[in-house]
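Shown next, in structure tokens, is the structure this report addresses.
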Amino acid sequence: MRLRLLIALAALLFSTGGAAFKAASLTGWQIASLRSLVAALVLLALIPGARRGWNRRMAPVALAYALTLVLFALANRLTTSANAIFLQSTAPLYLLLLGPWLLHEPIRRRDLLFIAGVAAGMGLFVLGRDTAVATAPNPPLGNALALASGLTYALMLAGLRWFGKQRGDSALEIVAAGNLAAFLIALPMALPVSHVAVADVFVVLYLGAIQIGLAYWCLTRGMRYVPVFEATTMLQLEPAMNPIWTWFVHNEVPNRWAIVGGTVIMSATLINTWRQPNVRRRGPALEAPPHLSRPEHR
């Protein structure tokens, strides 16, 4: 029970990102850069696995993760947090489509229903029209960046899968390296930092140390013995709670089509996970944290 609570806590911490992004007066580039710097330092300090096994083969996977972090931060500053998290959750669709090319994993017949479900959920976003508000000043651009983050996330997942097959290592070193890369990628656009409020400092420290650092510590501890399907199910708290935190803190309400589309995407992901033949086995969980290894999660 304690390990399951740790995974649930990790999901809840991950889910607070959207509300925290919108609470700072810094630009999206500044938040992305500083948040990743703090996260990398915390991960390297708290989790020994994040300090081991660094090599050049990690670079493409870490770069894909870094782009995901930066794009997702920018998307949250421009569109609603619900749109950002739900559109990034299309990553498993891209992963399936890229699988035959990158991983030599053919699309199976049972995957077609999942592809159709995610595609339908994406289509529902087109039906809704978001109006610009203070917390979402440019929804069309933010939605496009969120979709792009789903693609880079899929590329990272493909790299993690390949990396795991080659070495059998965990993904923690890639998480740390990816955060360092995200810091450097966003830094040129983040400078100069002309004004930093006290609240901005607390937001950046929270995002890096708690929302990423502590969350990954909880996740890696819990994932040692919790079956993958249970962990995957509990981690669905993140996309479910993300819009709720933002509504509670900022009174941001996504349009109804975004809610329906996001629900379809989440449901398709859960059903596809449940149908995997080896996902409900008992014993230690997979090495790669499910937060980074969709679609076995998110």
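Every chain in the structure tokens has a letter given in the order shown (A, B, ...), and although residue numbers restart at 1 in each chain, ligands are simply numbered from 1 in the order shown.
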
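Within 10 Å of Leu151 of chain A, once only C-alpha atoms are used and residues closer than 5 positions along the same chain are dropped, the contacting residues are Ala64, Leu67, Thr68, Leu87, Gln88, Ser89, Thr90, Ala91, Pro92, Leu93, Tyr94, Leu95, Leu98, Leu145, Ala146, Met156 and Leu157 of chain A.
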
Could those residues be written to a file, using N, CA and C atoms, as a compact mmCIF listing (two decimals), in the first residue's frame?
```txt
# COMPACT_ATOMS: atom_id res chain seq x y z
N ALA A 64 15.42 14.37 -27.27
CA ALA A 64 13.97 14.28 -27.50
C ALA A 64 13.21 14.60 -26.22
N LEU A 67 13.38 18.42 -25.61
CA LEU A 67 12.44 19.15 -26.46
C LEU A 67 11.02 18.99 -25.94
N THR A 68 10.70 17.81 -25.42
CA THR A 68 9.38 17.58 -24.85
C THR A 68 9.14 18.50 -23.67
N LEU A 87 -3.35 16.82 -25.38
CA LEU A 87 -2.73 16.73 -26.70
C LEU A 87 -1.35 16.08 -26.61
N GLN A 88 -0.63 16.30 -25.52
CA GLN A 88 0.63 15.58 -25.36
C GLN A 88 0.39 14.08 -25.17
N SER A 89 -0.78 13.74 -24.63
CA SER A 89 -1.11 12.34 -24.39
C SER A 89 -1.37 11.55 -25.67
N THR A 90 -1.27 12.21 -26.82
CA THR A 90 -1.37 11.49 -28.09
C THR A 90 -0.05 10.80 -28.45
N ALA A 91 0.97 10.91 -27.60
CA ALA A 91 2.27 10.31 -27.89
C ALA A 91 2.20 8.83 -28.24
N PRO A 92 1.39 8.00 -27.55
CA PRO A 92 1.33 6.59 -27.93
C PRO A 92 0.89 6.36 -29.38
N LEU A 93 0.04 7.25 -29.91
CA LEU A 93 -0.38 7.13 -31.30
C LEU A 93 0.82 7.28 -32.22
N TYR A 94 1.62 8.32 -32.00
CA TYR A 94 2.81 8.51 -32.82
C TYR A 94 3.77 7.33 -32.65
N LEU A 95 3.87 6.83 -31.42
CA LEU A 95 4.79 5.73 -31.16
C LEU A 95 4.40 4.48 -31.95
N LEU A 98 5.25 5.11 -35.58
CA LEU A 98 6.69 5.11 -35.84
C LEU A 98 7.34 3.76 -35.54
N LEU A 145 2.00 23.49 -30.24
CA LEU A 145 3.19 23.12 -29.48
C LEU A 145 2.93 21.87 -28.63
N ALA A 146 1.72 21.74 -28.09
CA ALA A 146 1.39 20.55 -27.31
C ALA A 146 1.40 19.30 -28.19
N MET A 156 11.11 10.08 -27.91
CA MET A 156 11.83 9.72 -26.70
C MET A 156 11.46 8.32 -26.23
N LEU A 157 10.17 7.99 -26.29
CA LEU A 157 9.72 6.66 -25.87
C LEU A 157 10.34 5.58 -26.74
```

Write out as a PDB file with N, CA and C atoms, in the first residue's frame the residues lying within 8 Å of Met189 of chain A, counting only C-alpha atoms and excluding same-chain residues fewer than 3 positions away.
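Written out: around_16.pdb:
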```
ATOM      1  N   TRP A  29       9.900  30.419 -21.821  1.00  0.00           N
ATOM      2  CA  TRP A  29      11.303  30.012 -22.005  1.00  0.00           C
ATOM      3  C   TRP A  29      12.051  30.049 -20.673  1.00  0.00           C
ATOM      4  N   GLN A  30      11.815  31.078 -19.889  1.00  0.00           N
ATOM      5  CA  GLN A  30      12.504  31.208 -18.608  1.00  0.00           C
ATOM      6  C   GLN A  30      12.088  30.104 -17.647  1.00  0.00           C
ATOM      7  N   ALA A 186      16.733  26.084 -23.742  1.00  0.00           N
ATOM      8  CA  ALA A 186      15.853  27.234 -23.496  1.00  0.00           C
ATOM      9  C   ALA A 186      16.601  28.466 -23.003  1.00  0.00           C
TER      10      ALA A 186
END
```

| message | Using only C-alpha atoms, which protein or nucleic acid residues come within 9 Å of segment 244-259 of chain A? Drop anything in the same chain fewer than 5 positions from it, and give the result as JSON, numbers by chain. | response | {"A": [15, 16, 17, 18, 19, 20, 22, 23, 80, 81, 82, 83, 86, 121, 122, 124, 125, 126, 127, 128, 129, 130, 133, 135, 136, 264]}

| query | Tell me, which residues of segment 142-285 of chain A carry DSSP helix (DSSP H, G or I), written as a PyMOL selection string? | reply | chain A and resi 142-167+172-190+198-222+228-235+237-250+256-275

Give me a file of those residues, with C-alpha atoms, as a CSV table (one decimal), in the first residue's frame.
```csv
chain,number,residue,atom,x,y,z
A,142,GLY,CA,-0.2,26.4,-27.7
A,143,ASN,CA,-2.2,23.5,-29.1
A,144,ALA,CA,0.3,23.1,-31.9
A,145,LEU,CA,3.2,23.1,-29.5
A,146,ALA,CA,1.4,20.5,-27.3
A,147,LEU,CA,0.9,18.3,-30.3
A,148,ALA,CA,4.6,18.7,-31.2
A,149,SER,CA,5.5,17.8,-27.6
A,150,GLY,CA,3.5,14.6,-28.1
A,151,LEU,CA,5.6,13.8,-31.2
A,152,THR,CA,8.9,14.4,-29.4
A,153,TYR,CA,7.6,12.4,-26.5
A,154,ALA,CA,7.0,9.5,-28.8
A,155,LEU,CA,10.5,9.8,-30.3
A,156,MET,CA,11.8,9.7,-26.7
A,157,LEU,CA,9.7,6.7,-25.9
A,158,ALA,CA,11.0,4.9,-28.9
A,159,GLY,CA,14.6,5.7,-27.9
A,160,LEU,CA,13.9,4.5,-24.3
A,161,ARG,CA,12.6,1.2,-25.7
A,162,TRP,CA,15.6,0.8,-27.9
A,163,PHE,CA,17.9,1.8,-25.1
A,164,GLY,CA,16.3,-0.7,-22.7
A,165,LYS,CA,16.7,-3.5,-25.2
A,166,GLN,CA,20.3,-2.7,-25.7
A,167,ARG,CA,21.4,-2.3,-22.1
A,172,LEU,CA,16.8,7.8,-14.9
A,173,GLU,CA,20.1,8.9,-16.4
A,174,ILE,CA,18.2,10.0,-19.5
A,175,VAL,CA,15.7,12.0,-17.3
A,176,ALA,CA,18.6,13.9,-15.7
A,177,ALA,CA,20.5,14.4,-18.9
A,178,GLY,CA,17.3,15.6,-20.6
A,179,ASN,CA,16.7,18.2,-18.0
A,180,LEU,CA,20.2,19.5,-18.3
A,181,ALA,CA,19.7,19.7,-22.1
A,182,ALA,CA,16.4,21.4,-21.7
A,183,PHE,CA,18.0,24.0,-19.5
A,184,LEU,CA,20.7,24.7,-22.1
A,185,ILE,CA,18.2,24.7,-25.1
A,186,ALA,CA,15.9,27.2,-23.5
A,187,LEU,CA,18.6,29.4,-21.9
A,188,PRO,CA,19.3,31.6,-24.9
A,189,MET,CA,15.6,32.5,-25.3
A,190,ALA,CA,15.3,32.9,-21.5
A,198,VAL,CA,9.6,36.3,-5.0
A,199,ALA,CA,6.6,34.2,-6.2
A,200,ASP,CA,8.6,33.3,-9.4
A,201,VAL,CA,11.4,31.9,-7.3
A,202,PHE,CA,9.0,29.7,-5.3
A,203,VAL,CA,7.3,28.5,-8.5
A,204,VAL,CA,10.5,27.5,-10.2
A,205,LEU,CA,11.8,25.8,-7.1
A,206,TYR,CA,8.5,23.9,-6.8
A,207,LEU,CA,8.4,22.8,-10.4
A,208,GLY,CA,12.0,21.6,-10.4
A,209,ALA,CA,12.4,20.2,-6.9
A,210,ILE,CA,8.9,18.9,-6.2
A,211,GLN,CA,6.9,18.6,-9.4
A,212,ILE,CA,9.8,16.7,-11.1
A,213,GLY,CA,12.5,15.8,-8.5
A,214,LEU,CA,10.3,14.5,-5.7
A,215,ALA,CA,7.8,13.1,-8.0
A,216,TYR,CA,10.4,11.0,-9.8
A,217,TRP,CA,11.8,9.9,-6.5
A,218,CYS,CA,8.4,8.7,-5.4
A,219,LEU,CA,7.8,7.0,-8.8
A,220,THR,CA,11.1,5.1,-8.9
A,221,ARG,CA,10.6,3.9,-5.3
A,222,GLY,CA,7.0,2.7,-6.0
A,228,VAL,CA,2.8,-2.1,-14.4
A,229,PHE,CA,-0.9,-2.1,-15.1
A,230,GLU,CA,-1.7,-0.8,-11.6
A,231,ALA,CA,1.0,1.9,-11.9
A,232,THR,CA,-0.3,2.9,-15.3
A,233,THR,CA,-3.8,3.2,-14.0
A,234,MET,CA,-2.8,5.3,-11.0
A,235,LEU,CA,-0.7,7.6,-13.1
A,237,LEU,CA,-4.5,10.8,-12.1
A,238,GLU,CA,-2.1,13.2,-13.8
A,239,PRO,CA,-4.1,14.1,-16.9
A,240,ALA,CA,-7.4,13.8,-14.9
A,241,MET,CA,-6.3,16.2,-12.1
A,242,ASN,CA,-4.2,18.6,-14.2
A,243,PRO,CA,-7.2,20.7,-15.5
A,244,ILE,CA,-8.8,20.5,-12.1
A,245,TRP,CA,-5.8,22.1,-10.3
A,246,THR,CA,-5.7,24.9,-13.0
A,247,TRP,CA,-9.5,25.5,-12.6
A,248,PHE,CA,-9.2,25.7,-8.9
A,249,VAL,CA,-6.1,28.0,-8.8
A,250,HIS,CA,-6.7,30.1,-11.9
A,256,ARG,CA,-16.4,21.0,-23.6
A,257,TRP,CA,-15.0,19.4,-26.7
A,258,ALA,CA,-11.5,19.5,-25.2
A,259,ILE,CA,-12.8,17.7,-22.1
A,260,VAL,CA,-14.6,15.1,-24.2
A,261,GLY,CA,-11.6,14.6,-26.5
A,262,GLY,CA,-9.2,14.3,-23.6
A,263,THR,CA,-11.5,11.7,-22.0
A,264,VAL,CA,-11.5,9.7,-25.2
A,265,ILE,CA,-7.7,9.7,-25.5
A,266,MET,CA,-7.3,8.7,-21.8
A,267,SER,CA,-9.9,5.9,-22.1
A,268,ALA,CA,-8.2,4.6,-25.3
A,269,THR,CA,-4.8,4.6,-23.6
A,270,LEU,CA,-6.2,2.7,-20.5
A,271,ILE,CA,-8.0,0.1,-22.7
A,272,ASN,CA,-5.0,-0.4,-24.8
A,273,THR,CA,-2.8,-0.9,-21.7
A,274,TRP,CA,-5.2,-3.4,-20.2
A,275,ARG,CA,-5.2,-5.4,-23.4
```

| note | The residue from A:Ala10, A:Ala120, A:Val38, A:Ile31 with the smallest atom-to-atom distance to Val196 of chain A, counting only C-alpha atoms, is A:Ile31

| task | Take atom CA of Ala197 of chain A and atom CA of Ser25 of chain A and report the distance between them in Å, one decimal. | result | 7.6 Å
